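S.K.: This is the structure I have questions about; it appears just below.
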2 protein chains.
Amino acid sequence: MEFIVNKDCFKQAISEVSKAISVKTSFPIMSGIKITASVDHLILVGSNSDIVIEKIIPLAISGVQMLKVIETGSSVIPAKYFSEIVKKLPGDIHVKINAKQMVTLQSGEIFTTLHAFQSDEYPSLPQIDESRFLKILCTELIEMIKQTAFAVAKNESKPVLTGVHLSFKENHLFCAATDSHRLALKEVTIDSSVTGSFIVPSTSLAEIIKLLSDETGYVHIFLSDYYIVFKLNSISLFSRVIEGSFPNVSGLLPTEARTIATFDRSNLLKGIDRAILFASEWKNKNVNLEINDGMKLRISSNSSEIGKIEEYQNIQEITGETEVSISLDGTFLMDALRAIKEDKVMLSFGGSMRPVLIEPVGNASYKQLISPVRT
Amino acid sequence: MEFIVNKDCFKQAISEVSKAISVKTSFPIMSGIKITASVDHLILVGSNSDIVIEKIIPLAISGVQMLKVIETGSSVIPAKYFSEIVKKLPGDIHVKINAKQMVTLQSGEIFTTLHAFQSDEYPSLPQIDESRFLKILCTELIEMIKQTAFAVAKNESKPVLTGVHLSFKENHLFCAATDSHRLALKEVTIDSSVTGSFIVPSTSLAEIIKLLSDETGYVHIFLSDYYIVFKLNSISLFSRVIEGSFPNVSGLLPTEARTIATFDRSNLLKGIDRAILFASEWKNKNVNLEINDGMKLRISSNSSEIGKIEEYQNIQEITGETEVSISLDGTFLMDALRAIKEDKVMLSFGGSMRPVLIEPVGNASYKQLISPVRT
């Protein structure tokens with residue numbers, strides 16, 4: 001294998017596929033990046049047990065030459081040092097591998113040699129079923145992930161809850177995440193007749209966000225039994241799906257409320273952020289919400305060690321009973337309020353032991369539920 | 001004690017004095033900020049065993065009211081939560097302490113209460129001898145610290161080497177730092193007849209840099225037997241000095257060289273930065289420098305695990321012998337090159353076992369020495 005590649009393009013590709021590589025792995029070859037040089041492109045692959053990221057470097061981008069392949073072939077190069085040295089080389093990089101799996105990288109008068117692995121021991125990529133796919137705007141996919149993935153279970157005792165449930169029905173994608181104390185539900189309209197449902201690990205979705213954060217345009221999603229593949233331009237992310245069945249969470253949404261009150265989202269978020277400082281010694285970061293006269297919301301918290309806080313915020317609108325008293329996990333409430341983009345937020349209370357429904361005002365496609373904590 | 005203070009001004013002052021407060025301290029009161037309200041100003045003090053930072057908030061700054069003192073007095077408030085809550089309050093803060101040392105902070109409709117300490121248990125500030133002082137431009141002081149403090153000893157086995165030696169003589173300030181493997185010497189012209197010498201902990205100097213990084217104008221330095229005080233506008237930093245005598249390091253500078261060669265500083269720094277990647281398994285981060293024909297510098301390093309690197313850089317000028325071969329600690333050489341501002345750097349070699357003298361071309365006030373490592 002021998003090729004000359006543009007430094008910035010190579011650096012970017014290495015950085016992208018490196019996101020899938022674990023520093024700690026029991027298999028040394030998995031700490032490497034597999035590079036395959038074909039006559040008209042270079043393929044870089046990085047992977048761990050959950051995800052595989054593949055990046056293609058073509059011969060030219062927008063008419064500017066990026067790559068010249070002198071000899072085809074493949075090799076697996078340890079990612080850590082490879083990535084660091086490529087960052088520090090000044091210009092085009094001439095990569096060459098010899099029969100002893102020694103890779104030389106030359107840039108100007110700089111010559112480096114790295115030990116590499118035989119590529120035939122590297123696992124092959126999962127097959128994609130090209131017929132079963134849909135497309136979604138990059139920005140919509142990212143918003144959907146940001147509005148649900150935070151609510152997954154952080155511990156592994158129920159594996160299905162560590163992922164986001166994606167359910168595809170005629171022109172609709174329903175996303176759900178829950179850790180059994182809170183729930184986030186988001187509905188997106190898509191232009192596809194694909195059906196099926198998949199539980200995608202939240203860690204894979206976090207990588208998707210990093211890879212696509214600066215991108216625009218459509219992401220293609222390919223579905224198969226064990227893998228879901230996200231593909232945009234020259235980059236593909238394969239994620240395993242979590243086996244098992246996801247609980248039927250939409251049935252948990254309350255159909256009626258004792259009190260519905262509307263608040264300024266930003267002010268409410270700031271108030272909870274302050275109250276949480278005094279909730280640090282509580283396991284559930286208890287923050288108390290109270291309405292006494294239908295005019296003001298009282299937010300309070302206290303700590304025997306530090307001190308206490310109480311504040312009053314205006315209620316913009318209220319219907320139903322004008323007395324409310326409930327304790328919520330302040331971090332959950334902050335996550336919920338941060339995930340909403342709209343300025344106004346509506347909280348529906350069903351009683352001090354009933355979950356609170358949180359919705360942006362004027363947007364029925366996003367609903368969250370938080371269970372109260374005992375004081 | 002009772003006062004109303006501008007939030008941003010108070011936040012800034014708390015942040016500045018907090019720099020002196022250790023999270024871990026055996027004396028709970030030392031985790032607090034001492035606040036003293038006088039009729040016409042507020043004094044905040046934070047301290048640890050090495051430094052004390054004092055900040056004064058006047059009634060008004062540039063004609064804008066900052067402070068209104070309702071009742072004089074003092075208290076010590078736990079820094080961590082005090083600092084966090086003040087950051088999160090929206091406007092002017094009304095601070096009031098009751099007889100039970102409960103501090104209430106009120107801002108709009110937000111009421112918080114924190115437990116505080118009796119201020120009479122807080123140690124009093126060292127006395128300043130107002131007659132023995134000098135002044136130096138803030139930018140010059142910062143440059144001087146940045147050009148020397150990195151070279152101090154990181155372990156405490158010889159306490160005097162953990163500080164920077166400041167030696168004041170008629171209109172001159174000489175600064176020296178060494179860990180016995182490398183040495184940095186800097187001379188600054190000052191307008192003062194103060195004499196004396198002091199070893200200032202590098203940790204105190206690091207705080208000085210943080211406090212003064214955005215400042216201009218003159219810093220006043222007050223000298224006493226056990227303390228050195230840096231004072232600029234409304235802020236003062238008291239640092240203990242390290243007792244003991246500093247070695248006579250200026251005698252270590254070589255008076256002659258076998259080879260003197262000039263390089264582009266930035267290119268040399270980049271070359272060492274690359275070579276160091278392959279020196280990670282060596283205790284001393286060995287990087288080899290070689291000149292064979294008087295035309296090129298060869299920089300190389302190798303690792304049995306990772307691989308190897310070699311590169312060639314142009315020599316701009318060379319006098320003396322045209323053959324050089326030496327191994328240096330790459331991190332020391334990078335520190336040395338980073339501390340120099342000038343574009344060109346001159347290295348004087350006295351042989352493979354002799355220290356290398358490093359100087360910016362055209363600036364005789366700054367000299368560094370690095371001892372070679374055995375290969």
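Chains: A, B, ... in order of the structure tokens. Residues: from 1 per chain. Ligands: from 1, in order shown.
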What's around A:Ala151 at 10 Å? Count only C-alpha atoms, leave out sequence neighbours fewer than 3 positions away in its own chain, and write the answer as a VMD selection string.

M.R.: chain A and resid 146 to 148 154 161 to 164 176 to 185 202 332 335 to 336 368

S.K.: Just want the 9 Å neighbourhood of A:Thr113, counted on only C-alpha atoms, with same-chain residues fewer than 5 positions away dropped. Output as number ranges by chain.

M.R.: A: 102-106; B: 306-309

S.K.: With all heavy atoms retained, write the just-selected residues as an mmCIF file, in the first residue's frame.

M.R.:
```
data_model
loop_
_atom_site.group_PDB
_atom_site.id
_atom_site.type_symbol
_atom_site.label_atom_id
_atom_site.label_comp_id
_atom_site.auth_asym_id
_atom_site.auth_seq_id
_atom_site.Cartn_x
_atom_site.Cartn_y
_atom_site.Cartn_z
ATOM 1 N N MET A 102 5.674 -2.239 8.575
ATOM 2 C CA MET A 102 6.189 -0.976 9.077
ATOM 3 C C MET A 102 5.636 0.105 8.152
ATOM 4 O O MET A 102 5.828 0.051 6.937
ATOM 5 C CB MET A 102 7.725 -0.933 9.020
ATOM 6 C CG MET A 102 8.420 -1.927 9.938
ATOM 7 S SD MET A 102 8.115 -1.630 11.694
ATOM 8 C CE MET A 102 9.069 -0.138 11.938
ATOM 9 N N VAL A 103 4.920 1.089 8.727
ATOM 10 C CA VAL A 103 4.350 2.177 7.926
ATOM 11 C C VAL A 103 5.284 3.370 8.003
ATOM 12 O O VAL A 103 5.648 3.792 9.095
ATOM 13 C CB VAL A 103 2.983 2.611 8.486
ATOM 14 C CG1 VAL A 103 2.409 3.772 7.686
ATOM 15 C CG2 VAL A 103 2.025 1.455 8.487
ATOM 16 N N THR A 104 5.685 3.909 6.885
ATOM 17 C CA THR A 104 6.456 5.152 6.927
ATOM 18 C C THR A 104 5.561 6.293 6.457
ATOM 19 O O THR A 104 4.796 6.165 5.502
ATOM 20 C CB THR A 104 7.721 5.109 6.046
ATOM 21 O OG1 THR A 104 7.332 4.824 4.710
ATOM 22 C CG2 THR A 104 8.695 4.063 6.527
ATOM 23 N N LEU A 105 5.635 7.411 7.198
ATOM 24 C CA LEU A 105 4.910 8.632 6.828
ATOM 25 C C LEU A 105 5.984 9.671 6.545
ATOM 26 O O LEU A 105 6.797 9.974 7.416
ATOM 27 C CB LEU A 105 4.052 9.127 7.998
ATOM 28 C CG LEU A 105 3.125 8.141 8.701
ATOM 29 C CD1 LEU A 105 2.456 8.804 9.901
ATOM 30 C CD2 LEU A 105 2.048 7.660 7.729
ATOM 31 N N GLN A 106 5.981 10.202 5.328
ATOM 32 C CA GLN A 106 6.972 11.212 5.007
ATOM 33 C C GLN A 106 6.275 12.508 4.640
ATOM 34 O O GLN A 106 5.288 12.523 3.903
ATOM 35 C CB GLN A 106 7.845 10.744 3.838
ATOM 36 C CG GLN A 106 9.031 11.681 3.616
ATOM 37 C CD GLN A 106 9.595 11.572 2.222
ATOM 38 O OE1 GLN A 106 9.469 10.529 1.582
ATOM 39 N NE2 GLN A 106 10.190 12.651 1.729
ATOM 40 N N ILE B 306 6.525 2.041 19.622
ATOM 41 C CA ILE B 306 5.719 2.830 18.689
ATOM 42 C C ILE B 306 6.352 2.914 17.303
ATOM 43 O O ILE B 306 5.708 2.674 16.291
ATOM 44 C CB ILE B 306 5.536 4.273 19.227
ATOM 45 C CG1 ILE B 306 5.083 4.250 20.681
ATOM 46 C CG2 ILE B 306 4.573 5.048 18.358
ATOM 47 C CD1 ILE B 306 5.358 5.535 21.428
ATOM 48 N N GLY B 307 7.635 3.274 17.246
ATOM 49 C CA GLY B 307 8.302 3.481 15.970
ATOM 50 C C GLY B 307 9.379 4.536 16.134
ATOM 51 O O GLY B 307 9.911 4.720 17.231
ATOM 52 N N LYS B 308 9.686 5.249 15.062
ATOM 53 C CA LYS B 308 10.751 6.250 15.163
ATOM 54 C C LYS B 308 10.479 7.440 14.255
ATOM 55 O O LYS B 308 9.619 7.399 13.375
ATOM 56 C CB LYS B 308 12.094 5.610 14.818
ATOM 57 C CG LYS B 308 12.164 5.072 13.407
ATOM 58 C CD LYS B 308 13.483 4.375 13.130
ATOM 59 C CE LYS B 308 13.464 3.857 11.691
ATOM 60 N NZ LYS B 308 14.659 3.144 11.305
ATOM 61 N N ILE B 309 11.216 8.526 14.490
ATOM 62 C CA ILE B 309 11.090 9.720 13.668
ATOM 63 C C ILE B 309 12.473 10.312 13.456
ATOM 64 O O ILE B 309 13.336 10.230 14.331
ATOM 65 C CB ILE B 309 10.148 10.755 14.351
ATOM 66 C CG1 ILE B 309 9.870 11.946 13.412
ATOM 67 C CG2 ILE B 309 10.720 11.266 15.681
ATOM 68 C CD1 ILE B 309 8.691 12.804 13.842
#
```

S.K.: Just want the 8 Å neighbourhood of A:Leu223, counted on only C-alpha atoms, with same-chain residues fewer than 6 positions away dropped. Output as a VMD selection string.

M.R.: chain A and resid 128 to 129 132 to 133 229

S.K.: May I have the residues of chain A within 8 Å of chain B, counting only C-alpha atoms, written as an NGL selection string?

M.R.: :A and (81 or 84-85 or 88-89 or 109-115 or 270 or 273-274 or 277 or 305-313)

S.K.: Got time to write the residues from that selection, N, CA, C and O atoms, as a short mmCIF file (atom, residue, chain, number, x, y, z; two decimals), in the first residue's frame?

M.R.:
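File produced: selection00.cif:
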```
data_model
loop_
_atom_site.label_atom_id
_atom_site.label_comp_id
_atom_site.auth_asym_id
_atom_site.auth_seq_id
_atom_site.Cartn_x
_atom_site.Cartn_y
_atom_site.Cartn_z
N TYR A 81 -0.95 7.16 18.21
CA TYR A 81 0.25 7.85 17.74
C TYR A 81 0.09 8.31 16.29
O TYR A 81 0.60 9.35 15.90
N GLU A 84 -1.74 11.55 16.40
CA GLU A 84 -0.92 12.65 16.92
C GLU A 84 0.15 13.09 15.93
O GLU A 84 0.40 14.27 15.75
N ILE A 85 0.80 12.13 15.28
CA ILE A 85 1.88 12.51 14.37
C ILE A 85 1.31 13.19 13.12
O ILE A 85 1.86 14.18 12.64
N LYS A 88 0.73 16.76 13.49
CA LYS A 88 1.94 17.58 13.62
C LYS A 88 2.80 17.61 12.37
O LYS A 88 3.87 18.23 12.37
N LEU A 89 2.37 16.95 11.31
CA LEU A 89 3.15 17.01 10.07
C LEU A 89 2.72 18.24 9.28
O LEU A 89 1.56 18.65 9.33
N GLU A 109 10.99 16.99 4.84
CA GLU A 109 12.20 16.32 5.33
C GLU A 109 11.96 15.61 6.66
O GLU A 109 12.86 15.44 7.46
N ILE A 110 10.68 15.25 6.90
CA ILE A 110 10.33 14.54 8.14
C ILE A 110 9.96 13.10 7.78
O ILE A 110 9.10 12.88 6.92
N PHE A 111 10.63 12.14 8.43
CA PHE A 111 10.41 10.73 8.15
C PHE A 111 10.01 10.03 9.44
O PHE A 111 10.78 10.04 10.40
N THR A 112 8.79 9.45 9.47
CA THR A 112 8.43 8.70 10.68
C THR A 112 8.04 7.29 10.30
O THR A 112 7.56 7.03 9.19
N THR A 113 8.27 6.37 11.22
CA THR A 113 7.96 4.96 11.00
C THR A 113 7.13 4.46 12.18
O THR A 113 7.48 4.72 13.33
N LEU A 114 6.03 3.80 11.88
CA LEU A 114 5.16 3.26 12.94
C LEU A 114 4.95 1.76 12.70
O LEU A 114 4.86 1.32 11.55
N HIS A 115 4.84 1.00 13.80
CA HIS A 115 4.51 -0.42 13.68
C HIS A 115 3.01 -0.56 13.40
O HIS A 115 2.21 0.05 14.09
N LYS A 270 -33.36 29.01 35.35
CA LYS A 270 -32.41 29.70 36.25
C LYS A 270 -32.77 29.49 37.72
O LYS A 270 -31.90 29.33 38.57
N ASP A 273 -31.80 26.02 38.71
CA ASP A 273 -30.33 25.98 38.77
C ASP A 273 -29.83 26.54 40.10
O ASP A 273 -28.89 26.03 40.70
N ARG A 274 -30.47 27.60 40.59
CA ARG A 274 -30.09 28.16 41.89
C ARG A 274 -30.49 27.21 43.02
O ARG A 274 -29.70 26.93 43.92
N LEU A 277 -28.34 24.08 43.97
CA LEU A 277 -27.12 24.28 44.77
C LEU A 277 -27.32 23.82 46.20
O LEU A 277 -26.40 23.33 46.85
N GLU A 305 -26.42 21.55 56.08
CA GLU A 305 -25.03 22.00 56.13
C GLU A 305 -24.81 23.39 55.56
O GLU A 305 -24.11 24.21 56.14
N ILE A 306 -25.38 23.62 54.38
CA ILE A 306 -25.05 24.83 53.63
C ILE A 306 -25.95 26.00 53.97
O ILE A 306 -25.51 27.10 54.27
N GLY A 307 -27.27 25.75 53.92
CA GLY A 307 -28.23 26.82 54.15
C GLY A 307 -29.47 26.54 53.34
O GLY A 307 -29.81 25.39 53.07
N LYS A 308 -30.20 27.58 52.93
CA LYS A 308 -31.44 27.34 52.20
C LYS A 308 -31.71 28.46 51.19
O LYS A 308 -31.08 29.51 51.23
N ILE A 309 -32.62 28.18 50.28
CA ILE A 309 -33.00 29.18 49.27
C ILE A 309 -34.50 29.12 49.06
O ILE A 309 -35.11 28.04 49.15
N GLU A 310 -35.11 30.27 48.82
CA GLU A 310 -36.49 30.27 48.34
C GLU A 310 -36.64 31.45 47.39
O GLU A 310 -36.02 32.48 47.57
N GLU A 311 -37.42 31.25 46.33
CA GLU A 311 -37.67 32.37 45.43
C GLU A 311 -39.06 32.27 44.86
O GLU A 311 -39.70 31.20 44.88
N TYR A 312 -39.54 33.39 44.34
CA TYR A 312 -40.90 33.47 43.79
C TYR A 312 -40.84 33.90 42.34
O TYR A 312 -40.15 34.84 41.98
N GLN A 313 -41.54 33.15 41.50
CA GLN A 313 -41.59 33.51 40.07
C GLN A 313 -43.04 33.69 39.64
O GLN A 313 -43.94 33.02 40.15
#
```

S.K.: Which residues come within 7 Å of A:Ile57, counting only C-alpha atoms, excluding same-chain residues fewer than 3 positions away, as a CSV table (one decimal) with N, CA and C atoms, in the first residue's frame?

M.R.:
```csv
chain,number,residue,atom,x,y,z
A,41,HIS,N,-10.0,5.6,-4.2
A,41,HIS,CA,-10.3,6.2,-2.9
A,41,HIS,C,-9.6,5.5,-1.8
A,42,LEU,N,-9.7,6.1,-0.6
A,42,LEU,CA,-9.1,5.6,0.6
A,42,LEU,C,-10.3,5.4,1.5
A,43,ILE,N,-10.3,4.2,2.2
A,43,ILE,CA,-11.3,4.0,3.2
A,43,ILE,C,-10.7,3.9,4.6
```

S.K.: Please report the interatomic distance between atom CA of B:Val69 and atom CA of B:Ile56 in Å with one decimal.

M.R.: 13.5 Å

S.K.: Could you list, as number ranges by chain, every residue within 10 Å of A:Pro58, counting only C-alpha atoms and ignoring same-chain residues fewer than 4 positions away?

M.R.: A: 38-43, 65-68, 234

S.K.: Those residues you just picked out, can you put them in a file as a compact mmCIF listing (two decimals), in the first residue's frame with C-alpha atoms?

M.R.:
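Result went into part.txt, see below:
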```
# COMPACT_ATOMS: atom_id res chain seq x y z
CA SER A 38 -8.19 1.36 -3.69
CA VAL A 39 -7.46 2.81 -7.12
CA ASP A 40 -9.83 5.73 -6.68
CA HIS A 41 -10.32 6.22 -2.94
CA LEU A 42 -9.09 5.58 0.58
CA ILE A 43 -11.34 3.99 3.23
CA GLN A 65 -6.71 16.80 -5.54
CA MET A 66 -6.73 15.11 -2.13
CA LEU A 67 -5.26 11.72 -2.85
CA LYS A 68 -2.92 9.90 -5.18
CA SER A 234 -18.47 10.33 2.86
```

S.K.: Which residue gives the smallest distance to B:Ile29 among B:Tyr227, B:Tyr218, B:Tyr122, B:Phe10, with only C-alpha atoms counted?

M.R.: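 Nearest to B:Ile29: B:Tyr122.
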
S.K.: Just list as a ChimeraX atom specification whatever in stretch 63-258 of chain A DSSP marks as helix (DSSP H, G or I).

M.R.: /A:79-88,119-121,138-151,159-162,202-212,250-252

S.K.: Any chance you can output those residues with C-alpha atoms as a PDB file, in the first residue's frame?

M.R.:
```pdb
ATOM      1  CA  ALA A  79      -4.730   5.174  16.183  1.00  0.00           C
ATOM      2  CA  LYS A  80      -3.229   7.122  19.079  1.00  0.00           C
ATOM      3  CA  TYR A  81       0.249   7.845  17.736  1.00  0.00           C
ATOM      4  CA  PHE A  82      -0.889   7.871  14.121  1.00  0.00           C
ATOM      5  CA  SER A  83      -3.397  10.592  14.888  1.00  0.00           C
ATOM      6  CA  GLU A  84      -0.919  12.651  16.922  1.00  0.00           C
ATOM      7  CA  ILE A  85       1.879  12.510  14.374  1.00  0.00           C
ATOM      8  CA  VAL A  86      -0.402  13.297  11.398  1.00  0.00           C
ATOM      9  CA  LYS A  87      -1.644  16.414  13.246  1.00  0.00           C
ATOM     10  CA  LYS A  88       1.935  17.581  13.619  1.00  0.00           C
ATOM     11  CA  SER A 119      -5.323  -5.965   8.096  1.00  0.00           C
ATOM     12  CA  ASP A 120      -6.756  -9.475   7.519  1.00  0.00           C
ATOM     13  CA  GLU A 121      -7.277  -9.893  11.273  1.00  0.00           C
ATOM     14  CA  CYS A 138     -29.394  16.323   9.777  1.00  0.00           C
ATOM     15  CA  THR A 139     -30.671  19.156  11.987  1.00  0.00           C
ATOM     16  CA  GLU A 140     -33.889  17.241  12.734  1.00  0.00           C
ATOM     17  CA  LEU A 141     -31.995  14.079  13.639  1.00  0.00           C
ATOM     18  CA  ILE A 142     -29.711  16.015  16.002  1.00  0.00           C
ATOM     19  CA  GLU A 143     -32.636  17.805  17.652  1.00  0.00           C
ATOM     20  CA  MET A 144     -34.465  14.523  18.103  1.00  0.00           C
ATOM     21  CA  ILE A 145     -31.418  12.950  19.775  1.00  0.00           C
ATOM     22  CA  LYS A 146     -30.806  15.976  22.007  1.00  0.00           C
ATOM     23  CA  GLN A 147     -34.448  15.986  23.088  1.00  0.00           C
ATOM     24  CA  THR A 148     -34.540  12.319  24.099  1.00  0.00           C
ATOM     25  CA  ALA A 149     -31.119  10.711  24.710  1.00  0.00           C
ATOM     26  CA  PHE A 150     -30.490  12.512  28.035  1.00  0.00           C
ATOM     27  CA  ALA A 151     -33.430  10.622  29.577  1.00  0.00           C
ATOM     28  CA  PRO A 159     -30.291  -2.764  29.028  1.00  0.00           C
ATOM     29  CA  VAL A 160     -33.265  -1.745  26.853  1.00  0.00           C
ATOM     30  CA  LEU A 161     -33.576   1.491  28.863  1.00  0.00           C
ATOM     31  CA  THR A 162     -29.988   2.533  28.039  1.00  0.00           C
ATOM     32  CA  SER A 202     -27.429   6.453  23.618  1.00  0.00           C
ATOM     33  CA  THR A 203     -23.616   6.280  23.341  1.00  0.00           C
ATOM     34  CA  SER A 204     -23.932   5.704  19.573  1.00  0.00           C
ATOM     35  CA  LEU A 205     -26.324   8.632  19.292  1.00  0.00           C
ATOM     36  CA  ALA A 206     -23.852  10.823  21.172  1.00  0.00           C
ATOM     37  CA  GLU A 207     -21.247   9.989  18.515  1.00  0.00           C
ATOM     38  CA  ILE A 208     -23.747  10.778  15.751  1.00  0.00           C
ATOM     39  CA  ILE A 209     -24.187  14.247  17.243  1.00  0.00           C
ATOM     40  CA  LYS A 210     -20.421  14.832  17.316  1.00  0.00           C
ATOM     41  CA  LEU A 211     -19.977  13.647  13.722  1.00  0.00           C
ATOM     42  CA  LEU A 212     -22.897  15.593  12.278  1.00  0.00           C
ATOM     43  CA  SER A 250     -46.967   6.402  25.463  1.00  0.00           C
ATOM     44  CA  GLY A 251     -49.639   4.899  27.720  1.00  0.00           C
ATOM     45  CA  LEU A 252     -47.973   6.581  30.711  1.00  0.00           C
TER      46      LEU A 252
END
```

S.K.: Extract, using only C-alpha atoms, all DNA, RNA and protein residues at most 9 Å from A:Glu71, discarding same-chain residues fewer than 4 positions from it, and format them as a list of chain:residue names.

M.R.: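 Using only C-alpha atoms, the neighbours found are A:Met1, A:Glu2, A:Phe3, A:Ala37, A:Ser38, A:Val39, A:Lys96.
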
S.K.: From a DSSP calculation on the backbone, collect every residue of stretch 44-99 of chain A in strand (DSSP E or B) and output the set as a ChimeraX atom specification.

M.R.: /A:44-47,51-58,60-61,64-65,67-71,73-78,93-97

S.K.: Pick out the closest residue to A:Lys186 from this set: A:Lys34, A:Lys283, A:His172, A:Lys367. Count only C-alpha atoms.

M.R.: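 The shortest atom-to-atom distance to A:Lys186 comes from A:Lys367.
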
S.K.: Quick one: residues within 6 Å of B:Ser348, only C-alpha atoms counted, chain neighbours fewer than 3 positions away excluded, as a ChimeraX atom specification?

M.R.: /B:257,259-260,356-357

S.K.: Got time to write the residues from that selection, N, CA, C and O atoms, as a PDB file, in the first residue's frame?

M.R.:
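The resulting file, selection.pdb, is shown below:
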```pdb
ATOM      1  N   ALA B 257      32.081  28.191  23.845  1.00  0.00           N
ATOM      2  CA  ALA B 257      31.316  27.127  23.205  1.00  0.00           C
ATOM      3  C   ALA B 257      32.108  26.533  22.051  1.00  0.00           C
ATOM      4  O   ALA B 257      32.898  27.223  21.417  1.00  0.00           O
ATOM      5  N   THR B 259      30.445  25.013  19.465  1.00  0.00           N
ATOM      6  CA  THR B 259      29.618  25.302  18.283  1.00  0.00           C
ATOM      7  C   THR B 259      28.491  26.239  18.700  1.00  0.00           C
ATOM      8  O   THR B 259      27.859  26.021  19.737  1.00  0.00           O
ATOM      9  N   ILE B 260      28.265  27.283  17.916  1.00  0.00           N
ATOM     10  CA  ILE B 260      27.101  28.143  18.140  1.00  0.00           C
ATOM     11  C   ILE B 260      26.278  28.126  16.857  1.00  0.00           C
ATOM     12  O   ILE B 260      26.801  28.434  15.780  1.00  0.00           O
ATOM     13  N   VAL B 356      23.640  22.846  27.247  1.00  0.00           N
ATOM     14  CA  VAL B 356      23.423  23.685  26.061  1.00  0.00           C
ATOM     15  C   VAL B 356      22.876  25.033  26.536  1.00  0.00           C
ATOM     16  O   VAL B 356      21.952  25.090  27.351  1.00  0.00           O
ATOM     17  N   LEU B 357      23.465  26.110  26.018  1.00  0.00           N
ATOM     18  CA  LEU B 357      22.994  27.459  26.340  1.00  0.00           C
ATOM     19  C   LEU B 357      22.006  27.888  25.256  1.00  0.00           C
ATOM     20  O   LEU B 357      22.295  27.757  24.064  1.00  0.00           O
TER      21      LEU B 357
END
```

S.K.: To one decimal place, how far is atom CA of A:Glu256 from atom CA of A:Leu173 in Å?

M.R.: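 Taking atom CA of A:Glu256 as the start and atom CA of A:Leu173 as the end point, the length is 25.4 Å.
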